[in-house]
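Step one of this worksheet: look at the structure below.
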Amino acid sequence: MEESLSPTLEQLQQELVQQVIELYRTHLGYKLPQVSCHIVDRTVTILADDSITRLEQFLGENQQTDLASQVRTNLLKFLEPHLQSLIEQTIGVPVVDVICNSTFETGRTSIVALLDSAPNISGLDTTRRVKQRLKSDSNPDSDK
């Protein structure tokens with residue numbers, strides 16, 4: 001008997017983390033030390049710590065912060081279609097929009113992807129999700 005179970009939320013998130021690490025390693029020659037991923041309904045959020053490459057660090061350390069910022073902006077623009085593709089392939093849902101941003105002060109990069117629809121995830125308690133939505137849509141004056 002062939003199993004066709006959907007992946008769990010944790011499996012999808014972990015797969016995306018591995019794919020982002022591989023993307024940075026392959027295209028930028030940089031190993032990200034810490035990446036986290038969260039999928040909530042139609043939103044994928046990925047946070048990469050210490051994502052500023054050696055070249056960007058070198059430029060910043062040599063008073064070339066404007067150039068380092070331009071390099072970062074161009075790298076993120078280059079990575080966006082690759083990120084969109086790997087998210088779509090991993091989750092199996094079209095991506096409507098991808099937003100990437102980085103800060104030199106914290107060294108973090110954030111990636112937010114809006115999906116066309118919520119992914120099919122095994123083991124997700126849809127009853128709880130429906131109740132949470134109903135509660136958030138209910139009258140704010142209601143105690144129930």
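Residue numbers start at 1 in each chain; chains themselves are named A, B, ... in the order of the structure tokens; ligands are numbered from 1 in the order shown.
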So that I can check the secondary structure, give me every residue of chain A assigned strand (DSSP E or B) by backbone DSSP, as JSON, numbers by chain.
{"A": [8, 34, 35, 36, 37, 38, 39, 40, 43, 44, 45, 46, 47, 48, 49, 95, 96, 97, 98, 99, 100, 101, 102, 103, 108, 109, 110, 111, 112, 113, 114, 115, 122]}
Can you list, as a ChimeraX atom specification, every protein, DNA or RNA residue that comes within 6 Å of stretch 21-36 of chain A when you count only C-alpha atoms, leaving out same-chain residues fewer than 5 positions away?
/A:46-49
Counting only C-alpha atoms, which residue out of A:Leu86, A:Val95, A:Leu114, A:Ile52 sits closest to A:Val17?
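Closest to A:Val17 of all the choices is A:Leu86.
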Find the residues around A:Gln89 up to 12 Å (only C-alpha atoms counted), leave out those fewer than 5 positions away in its own chain, and share them as a list in words.
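After dropping sequence-adjacent residues, the list is Leu12, Glu15, Leu16, Gln19, His82, Leu83, Gln84, Pro94, Val95 and Pro119 of chain A.
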From A:Thr65, A:Thr43, A:Ser85, A:Gln70, residue lying nearest A:Leu115 [only C-alpha atoms]
A:Thr43
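Put simply, atom CA of A:Leu67 is 23.9 Å away from atom CA of A:Val98.
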Any idea what's packed within 6 Å of A:Val112, counting only C-alpha atoms, ignoring anything in its chain fewer than 3 positions away? Could you give it as JSON, numbers by chain?
{"A": [44, 45, 98, 99]}
Save the residues we just selected, C-alpha atoms, as a tab-separated table (two decimals), in the first residue's frame?
```tsv
chain	number	residue	atom	x	y	z
A	44	VAL	CA	6.22	31.74	5.47
A	45	THR	CA	8.70	33.64	7.63
A	98	VAL	CA	8.41	37.59	-1.42
A	99	ILE	CA	9.82	40.36	0.75
```
Selected residue of minimal separation from A:Val93 among A:Asp116, A:Glu105, A:Asp50, A:Glu10, counting only C-alpha atoms
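Using only C-alpha atoms, the shortest distance to A:Val93 belongs to A:Asp116.
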Can you pull out every residue from chain A that DSSP, working from the backbone, puts in helix (DSSP H, G or I), and format the result as number ranges by chain?
A: 9-28, 54-61, 65-91, 126-137
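Minimum distance to A:Val96 across A:Leu9, A:Ile39, A:Val20, A:Ala113 (counting only C-alpha atoms) occurs at A:Ala113.
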